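Student: Below is the file entry37.pdb, with PDB, C-alpha atoms, pLDDT in the B column.
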```pdb
ATOM      1  CA  MET A   1      14.433  21.505 -29.842  1.00 51.00           C
ATOM      2  CA  GLU A   2      11.528  19.288 -30.767  1.00 58.00           C
ATOM      3  CA  SER A   3       8.052  20.634 -30.240  1.00 60.00           C
ATOM      4  CA  ILE A   4       5.460  18.336 -28.704  1.00 62.00           C
ATOM      5  CA  SER A   5       1.963  18.685 -30.025  1.00 67.00           C
ATOM      6  CA  ILE A   6      -1.065  18.698 -27.781  1.00 67.00           C
ATOM      7  CA  ASP A   7      -2.429  15.729 -29.721  1.00 71.00           C
ATOM      8  CA  ALA A   8       0.568  13.605 -28.674  1.00 67.00           C
ATOM      9  CA  ILE A   9       0.061  14.526 -25.023  1.00 68.00           C
ATOM     10  CA  GLN A  10      -3.644  13.764 -25.255  1.00 77.00           C
ATOM     11  CA  MET A  11      -2.872  10.360 -26.781  1.00 75.00           C
ATOM     12  CA  ASP A  12      -0.592   9.566 -23.815  1.00 76.00           C
ATOM     13  CA  TYR A  13      -3.331  10.379 -21.345  1.00 84.00           C
ATOM     14  CA  LEU A  14      -5.939   8.563 -23.417  1.00 86.00           C
ATOM     15  CA  ALA A  15      -4.243   5.240 -22.644  1.00 84.00           C
ATOM     16  CA  ILE A  16      -4.275   6.030 -18.909  1.00 88.00           C
ATOM     17  CA  LEU A  17      -7.938   7.022 -19.087  1.00 91.00           C
ATOM     18  CA  ALA A  18      -8.799   3.825 -20.976  1.00 92.00           C
ATOM     19  CA  GLN A  19      -7.016   1.703 -18.367  1.00 93.00           C
ATOM     20  CA  PHE A  20      -8.852   3.506 -15.553  1.00 95.00           C
ATOM     21  CA  VAL A  21     -12.227   3.015 -17.265  1.00 96.00           C
ATOM     22  CA  ILE A  22     -11.571  -0.684 -17.888  1.00 97.00           C
ATOM     23  CA  ALA A  23     -10.391  -1.298 -14.314  1.00 97.00           C
ATOM     24  CA  SER A  24     -13.335   0.611 -12.841  1.00 97.00           C
ATOM     25  CA  GLY A  25     -15.743  -1.231 -15.126  1.00 97.00           C
ATOM     26  CA  PHE A  26     -14.310  -4.568 -14.029  1.00 98.00           C
ATOM     27  CA  VAL A  27     -14.654  -3.722 -10.344  1.00 97.00           C
ATOM     28  CA  LEU A  28     -18.185  -2.331 -10.665  1.00 97.00           C
ATOM     29  CA  GLY A  29     -19.216  -5.189 -12.956  1.00 97.00           C
ATOM     30  CA  THR A  30     -17.900  -7.756 -10.490  1.00 96.00           C
ATOM     31  CA  PHE A  31     -19.777  -6.116  -7.613  1.00 95.00           C
ATOM     32  CA  PHE A  32     -22.986  -6.010  -9.639  1.00 96.00           C
ATOM     33  CA  LEU A  33     -22.750  -9.606 -10.894  1.00 95.00           C
ATOM     34  CA  THR A  34     -21.919 -11.107  -7.506  1.00 93.00           C
ATOM     35  CA  HIS A  35     -24.807  -9.213  -5.959  1.00 90.00           C
ATOM     36  CA  LYS A  36     -27.262 -10.374  -8.626  1.00 92.00           C
ATOM     37  CA  LEU A  37     -26.008 -13.954  -9.090  1.00 91.00           C
ATOM     38  CA  GLY A  38     -25.013 -14.774  -5.506  1.00 85.00           C
ATOM     39  CA  PRO A  39     -27.181 -16.761  -3.080  1.00 82.00           C
ATOM     40  CA  LYS A  40     -29.735 -14.831  -1.046  1.00 80.00           C
ATOM     41  CA  PHE A  41     -30.600 -17.141   1.850  1.00 79.00           C
ATOM     42  CA  LYS A  42     -30.963 -15.103   5.041  1.00 80.00           C
ATOM     43  CA  SER A  43     -31.940 -16.350   8.469  1.00 83.00           C
ATOM     44  CA  ASP A  44     -31.516 -15.187  12.052  1.00 82.00           C
ATOM     45  CA  LYS A  45     -28.825 -17.767  12.686  1.00 77.00           C
ATOM     46  CA  LYS A  46     -26.933 -16.782   9.544  1.00 75.00           C
ATOM     47  CA  LEU A  47     -26.948 -13.087  10.446  1.00 75.00           C
ATOM     48  CA  GLN A  48     -25.419 -13.674  13.894  1.00 75.00           C
ATOM     49  CA  ALA A  49     -21.757 -13.011  14.520  1.00 72.00           C
ATOM     50  CA  PHE A  50     -19.559 -16.052  13.892  1.00 68.00           C
ATOM     51  CA  GLU A  51     -16.440 -16.617  15.937  1.00 65.00           C
ATOM     52  CA  CYS A  52     -14.838 -19.894  14.870  1.00 67.00           C
ATOM     53  CA  GLY A  53     -17.797 -21.887  16.125  1.00 63.00           C
ATOM     54  CA  LEU A  54     -16.846 -21.362  19.767  1.00 66.00           C
ATOM     55  CA  GLU A  55     -18.731 -19.407  22.367  1.00 67.00           C
ATOM     56  CA  SER A  56     -17.064 -16.145  23.305  1.00 65.00           C
ATOM     57  CA  ILE A  57     -15.405 -16.122  26.717  1.00 71.00           C
ATOM     58  CA  GLY A  58     -14.138 -12.907  28.258  1.00 71.00           C
ATOM     59  CA  ASP A  59     -13.310  -9.596  26.639  1.00 73.00           C
ATOM     60  CA  ALA A  60     -11.948  -9.529  23.089  1.00 69.00           C
ATOM     61  CA  ARG A  61     -10.098  -6.271  23.734  1.00 76.00           C
ATOM     62  CA  LEU A  62      -6.848  -7.559  25.187  1.00 75.00           C
ATOM     63  CA  PRO A  63      -4.023  -5.064  25.572  1.00 76.00           C
ATOM     64  CA  PHE A  64      -1.289  -5.343  22.940  1.00 71.00           C
ATOM     65  CA  SER A  65       2.195  -3.966  23.273  1.00 73.00           C
ATOM     66  CA  VAL A  66       2.694  -0.701  21.429  1.00 75.00           C
ATOM     67  CA  LYS A  67       5.969  -2.122  20.126  1.00 77.00           C
ATOM     68  CA  TYR A  68       4.047  -4.597  17.984  1.00 79.00           C
ATOM     69  CA  PHE A  69       2.246  -1.758  16.209  1.00 79.00           C
ATOM     70  CA  LEU A  70       5.437   0.279  15.958  1.00 80.00           C
ATOM     71  CA  ALA A  71       7.227  -2.627  14.269  1.00 81.00           C
ATOM     72  CA  ALA A  72       4.305  -3.041  11.851  1.00 83.00           C
ATOM     73  CA  ILE A  73       4.268   0.665  10.958  1.00 83.00           C
ATOM     74  CA  LEU A  74       8.040   0.716  10.474  1.00 83.00           C
ATOM     75  CA  PHE A  75       7.783  -2.323   8.215  1.00 85.00           C
ATOM     76  CA  VAL A  76       5.180  -0.605   6.036  1.00 85.00           C
ATOM     77  CA  LEU A  77       7.243   2.593   5.930  1.00 81.00           C
ATOM     78  CA  PHE A  78      10.455   0.887   4.851  1.00 81.00           C
ATOM     79  CA  ASP A  79       8.622  -1.488   2.532  1.00 85.00           C
ATOM     80  CA  ALA A  80       7.107   1.482   0.702  1.00 81.00           C
ATOM     81  CA  GLU A  81      10.520   3.122   0.549  1.00 82.00           C
ATOM     82  CA  ILE A  82      12.018   0.047  -1.110  1.00 84.00           C
ATOM     83  CA  ILE A  83       9.490   0.375  -3.957  1.00 86.00           C
ATOM     84  CA  PHE A  84      11.231   3.589  -5.017  1.00 83.00           C
ATOM     85  CA  PHE A  85      14.653   1.936  -5.098  1.00 85.00           C
ATOM     86  CA  TYR A  86      13.837  -0.399  -7.995  1.00 85.00           C
ATOM     87  CA  PRO A  87      13.324   2.210 -10.752  1.00 85.00           C
ATOM     88  CA  TRP A  88      16.292   4.152  -9.430  1.00 85.00           C
ATOM     89  CA  ALA A  89      18.518   1.058  -9.529  1.00 85.00           C
ATOM     90  CA  VAL A  90      17.394   0.213 -13.061  1.00 87.00           C
ATOM     91  CA  ASN A  91      18.264   3.709 -14.311  1.00 87.00           C
ATOM     92  CA  PHE A  92      21.276   4.245 -12.058  1.00 84.00           C
ATOM     93  CA  ARG A  93      23.851   4.787 -14.832  1.00 87.00           C
ATOM     94  CA  GLU A  94      21.606   7.100 -16.836  1.00 90.00           C
ATOM     95  CA  LEU A  95      20.777   9.257 -13.820  1.00 87.00           C
ATOM     96  CA  GLY A  96      24.438   9.779 -12.926  1.00 88.00           C
ATOM     97  CA  GLU A  97      25.575  11.824  -9.968  1.00 91.00           C
ATOM     98  CA  SER A  98      22.435  13.952 -10.058  1.00 90.00           C
ATOM     99  CA  GLY A  99      20.279  10.849  -9.566  1.00 88.00           C
ATOM    100  CA  LEU A 100      22.524   9.645  -6.754  1.00 90.00           C
ATOM    101  CA  LEU A 101      22.236  12.998  -4.979  1.00 92.00           C
ATOM    102  CA  LYS A 102      18.448  12.998  -5.339  1.00 90.00           C
ATOM    103  CA  MET A 103      18.214   9.463  -3.954  1.00 89.00           C
ATOM    104  CA  VAL A 104      20.441  10.355  -1.004  1.00 91.00           C
ATOM    105  CA  LEU A 105      18.175  13.341  -0.284  1.00 93.00           C
ATOM    106  CA  PHE A 106      15.132  11.055  -0.554  1.00 89.00           C
ATOM    107  CA  VAL A 107      16.551   8.382   1.771  1.00 89.00           C
ATOM    108  CA  SER A 108      18.089  10.734   4.363  1.00 92.00           C
ATOM    109  CA  PRO A 109      14.866  11.475   6.309  1.00 90.00           C
ATOM    110  CA  PHE A 110      14.092   7.759   6.488  1.00 86.00           C
ATOM    111  CA  LEU A 111      17.558   6.947   7.774  1.00 88.00           C
ATOM    112  CA  LEU A 112      17.349   9.742  10.339  1.00 90.00           C
ATOM    113  CA  GLY A 113      13.991   8.392  11.495  1.00 85.00           C
ATOM    114  CA  PHE A 114      15.418   4.875  11.680  1.00 85.00           C
ATOM    115  CA  TYR A 115      18.372   6.144  13.709  1.00 89.00           C
ATOM    116  CA  TYR A 116      15.932   7.920  16.071  1.00 86.00           C
ATOM    117  CA  VAL A 117      13.886   4.736  16.507  1.00 83.00           C
ATOM    118  CA  ILE A 118      16.989   2.692  17.301  1.00 85.00           C
ATOM    119  CA  LYS A 119      18.286   5.283  19.803  1.00 88.00           C
ATOM    120  CA  LYS A 120      14.909   5.355  21.569  1.00 82.00           C
ATOM    121  CA  GLY A 121      15.054   1.560  21.871  1.00 81.00           C
ATOM    122  CA  ALA A 122      11.737   1.044  20.120  1.00 76.00           C
ATOM    123  CA  LEU A 123      12.916  -2.164  18.462  1.00 77.00           C
ATOM    124  CA  LYS A 124      14.176  -3.812  21.661  1.00 80.00           C
ATOM    125  CA  TRP A 125      11.866  -6.602  22.741  1.00 74.00           C
ATOM    126  CA  GLU A 126      11.563  -7.666  26.355  1.00 70.00           C
TER     127      GLU A 126
END
```
How would this structure read if it were set down as structure tokens?
Tutor:
Amino acid sequence: MESISIDAIQMDYLAILAQFVIASGFVLGTFFLTHKLGPKFKSDKKLQAFECGLESIGDARLPFSVKYFLAAILFVLFDAEIIFFYPWAVNFRELGESGLLKMVLFVSPFLLGFYYVIKKGALKWE
């Protein structure tokens, strides 16, 4: 059995810390520079709400079907699930039956939820 030194572990995390510092520095630097270098012309007309150049007519809060939001949430859920399939598929042979079992256990709640949604008729559009 090979022993892993604490220095080796610290070196692994040092790269992650460096990447975090660089990314944070880029974001903060970009915010600072755009604030300092950007135009600063303010007027009453410029600070008013802009809605495509047209005058607002009626109420902007129109009722939407809940099914639209349900479809959007389901898309995000299954899209995020697909992200986990790629590394599993790449290492499929190395993971063997144990990896297959773990992936089946991971996917089962999603499939049960999808089955529930279909049985409730949430994806049927009128």
Student: For range 104-109 of chain A, list every protein, DNA or RNA residue within 12 Å, evaluated using only C-alpha atoms, and leave out those in the same chain fewer than 2 positions away; present the list as number ranges by chain.
Tutor: A: 77-78, 80-82, 84-85, 88, 97-102, 111-116
Student: How would the residues just chosen look if you wrote them out with C-alpha atoms as a tab-separated table (two decimals), in the coordinates of the input?
Tutor:
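The result, written out as selection_39.tsv:
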```
chain	number	residue	atom	x	y	z
A	77	LEU	CA	7.24	2.59	5.93
A	78	PHE	CA	10.46	0.89	4.85
A	80	ALA	CA	7.11	1.48	0.70
A	81	GLU	CA	10.52	3.12	0.55
A	82	ILE	CA	12.02	0.05	-1.11
A	84	PHE	CA	11.23	3.59	-5.02
A	85	PHE	CA	14.65	1.94	-5.10
A	88	TRP	CA	16.29	4.15	-9.43
A	97	GLU	CA	25.58	11.82	-9.97
A	98	SER	CA	22.44	13.95	-10.06
A	99	GLY	CA	20.28	10.85	-9.57
A	100	LEU	CA	22.52	9.64	-6.75
A	101	LEU	CA	22.24	13.00	-4.98
A	102	LYS	CA	18.45	13.00	-5.34
A	111	LEU	CA	17.56	6.95	7.77
A	112	LEU	CA	17.35	9.74	10.34
A	113	GLY	CA	13.99	8.39	11.50
A	114	PHE	CA	15.42	4.88	11.68
A	115	TYR	CA	18.37	6.14	13.71
A	116	TYR	CA	15.93	7.92	16.07
```
Student: May I ask for the distance between CA of Glu126 in chain A and CA of Val66 in chain A, given in Å to one decimal place?
Tutor: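 CA of Glu126 in chain A sits 12.3 Å away from CA of Val66 in chain A.
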Student: In Å, with one decimal, what is the gap from CA of Phe75 in chain A to CA of Asp59 in chain A?
Tutor: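 About the pair CA of Phe75 in chain A and CA of Asp59 in chain A: they are 28.9 Å apart.
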Student: Give the centre and edge lengths of an axis-aligned box, in Å to one decimal, that holds all listed atoms of range 75-87 of chain A with 5 Å on each side, as lines of an AutoDock Vina configuration file.
Tutor:
```
center_x = 9.9
center_y = 0.6
center_z = -1.3
size_x = 19.5
size_y = 15.9
size_z = 29.0
```
Student: For a test of reading the model, state the distance in Å between CA of Ala122 in chain A and CA of Phe69 in chain A, rounded to one decimal.
Tutor: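 Between these atoms lies a distance of 10.6 Å.
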Student: Here is a test: counting all atoms listed in the file, which residue of A:Phe41, A:Tyr68, A:Phe31, A:Phe20 is nearest to Lys124 in chain A?
Tutor: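 Looking at the shortest contact to Lys124 in chain A, the residue is A:Tyr68.
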Student: Could you check which of A:Tyr13, A:Gly58, A:Phe110, A:Ala49 is closest to Asp79 in chain A, using all atoms listed in the file?
Tutor: A:Phe110
Student: Any idea what's packed within 10 Å of Leu123 in chain A, counting only C-alpha atoms, ignoring anything in its chain fewer than 3 positions away? Could you give it as number ranges by chain?
Tutor: A: 67-68, 70-71, 74, 117-120, 126
Student: Could you extract range 49-107 of chain A of the given structure into a file holding C-alpha atoms, as a tab-separated table (two decimals), in the first residue's frame?
Tutor:
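Written out: out-v4.tsv:
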```tsv
chain	number	residue	atom	x	y	z
A	49	ALA	CA	-38.12	52.10	-17.37
A	50	PHE	CA	-37.74	51.11	-21.02
A	51	GLU	CA	-40.18	48.74	-22.63
A	52	CYS	CA	-39.28	48.33	-26.30
A	53	GLY	CA	-40.07	51.95	-27.02
A	54	LEU	CA	-43.82	51.39	-26.77
A	55	GLU	CA	-46.17	52.76	-24.18
A	56	SER	CA	-47.40	50.15	-21.73
A	57	ILE	CA	-51.01	49.09	-22.21
A	58	GLY	CA	-52.78	46.95	-19.64
A	59	ASP	CA	-51.37	44.74	-16.92
A	60	ALA	CA	-48.05	42.98	-17.47
A	61	ARG	CA	-49.01	40.17	-15.10
A	62	LEU	CA	-50.88	37.85	-17.45
A	63	PRO	CA	-51.71	34.39	-16.16
A	64	PHE	CA	-49.48	31.62	-17.51
A	65	SER	CA	-50.32	27.95	-17.50
A	66	VAL	CA	-48.64	26.03	-14.71
A	67	LYS	CA	-47.77	23.37	-17.27
A	68	TYR	CA	-45.33	25.75	-18.93
A	69	PHE	CA	-43.38	26.12	-15.69
A	70	LEU	CA	-43.62	22.40	-14.98
A	71	ALA	CA	-42.14	21.59	-18.39
A	72	ALA	CA	-39.33	24.10	-17.78
A	73	ILE	CA	-38.52	22.64	-14.35
A	74	LEU	CA	-38.57	19.09	-15.70
A	75	PHE	CA	-36.23	20.14	-18.50
A	76	VAL	CA	-33.75	21.60	-16.02
A	77	LEU	CA	-34.00	18.50	-13.81
A	78	PHE	CA	-33.34	16.03	-16.61
A	79	ASP	CA	-30.74	18.27	-18.21
A	80	ALA	CA	-28.78	18.32	-14.95
A	81	GLU	CA	-29.14	14.56	-14.69
A	82	ILE	CA	-27.64	14.09	-18.15
A	83	ILE	CA	-24.48	15.90	-17.01
A	84	PHE	CA	-23.74	12.97	-14.69
A	85	PHE	CA	-24.10	10.42	-17.49
A	86	TYR	CA	-21.07	11.63	-19.45
A	87	PRO	CA	-18.32	10.76	-16.92
A	88	TRP	CA	-20.09	7.50	-16.17
A	89	ALA	CA	-20.23	6.58	-19.87
A	90	VAL	CA	-16.56	7.44	-20.35
A	91	ASN	CA	-15.52	5.18	-17.46
A	92	PHE	CA	-18.18	2.52	-18.00
A	93	ARG	CA	-15.81	-0.43	-18.53
A	94	GLU	CA	-13.56	0.51	-15.62
A	95	LEU	CA	-16.48	0.89	-13.21
A	96	GLY	CA	-17.89	-2.55	-14.05
A	97	GLU	CA	-21.02	-3.94	-12.47
A	98	SER	CA	-20.54	-1.85	-9.34
A	99	GLY	CA	-20.66	1.35	-11.42
A	100	LEU	CA	-23.73	0.11	-13.27
A	101	LEU	CA	-25.52	-0.62	-10.00
A	102	LYS	CA	-24.63	2.82	-8.61
A	103	MET	CA	-25.89	4.53	-11.77
A	104	VAL	CA	-29.14	2.56	-11.67
A	105	LEU	CA	-29.61	3.64	-8.04
A	106	PHE	CA	-28.86	7.24	-9.05
A	107	VAL	CA	-31.31	7.24	-11.98
```
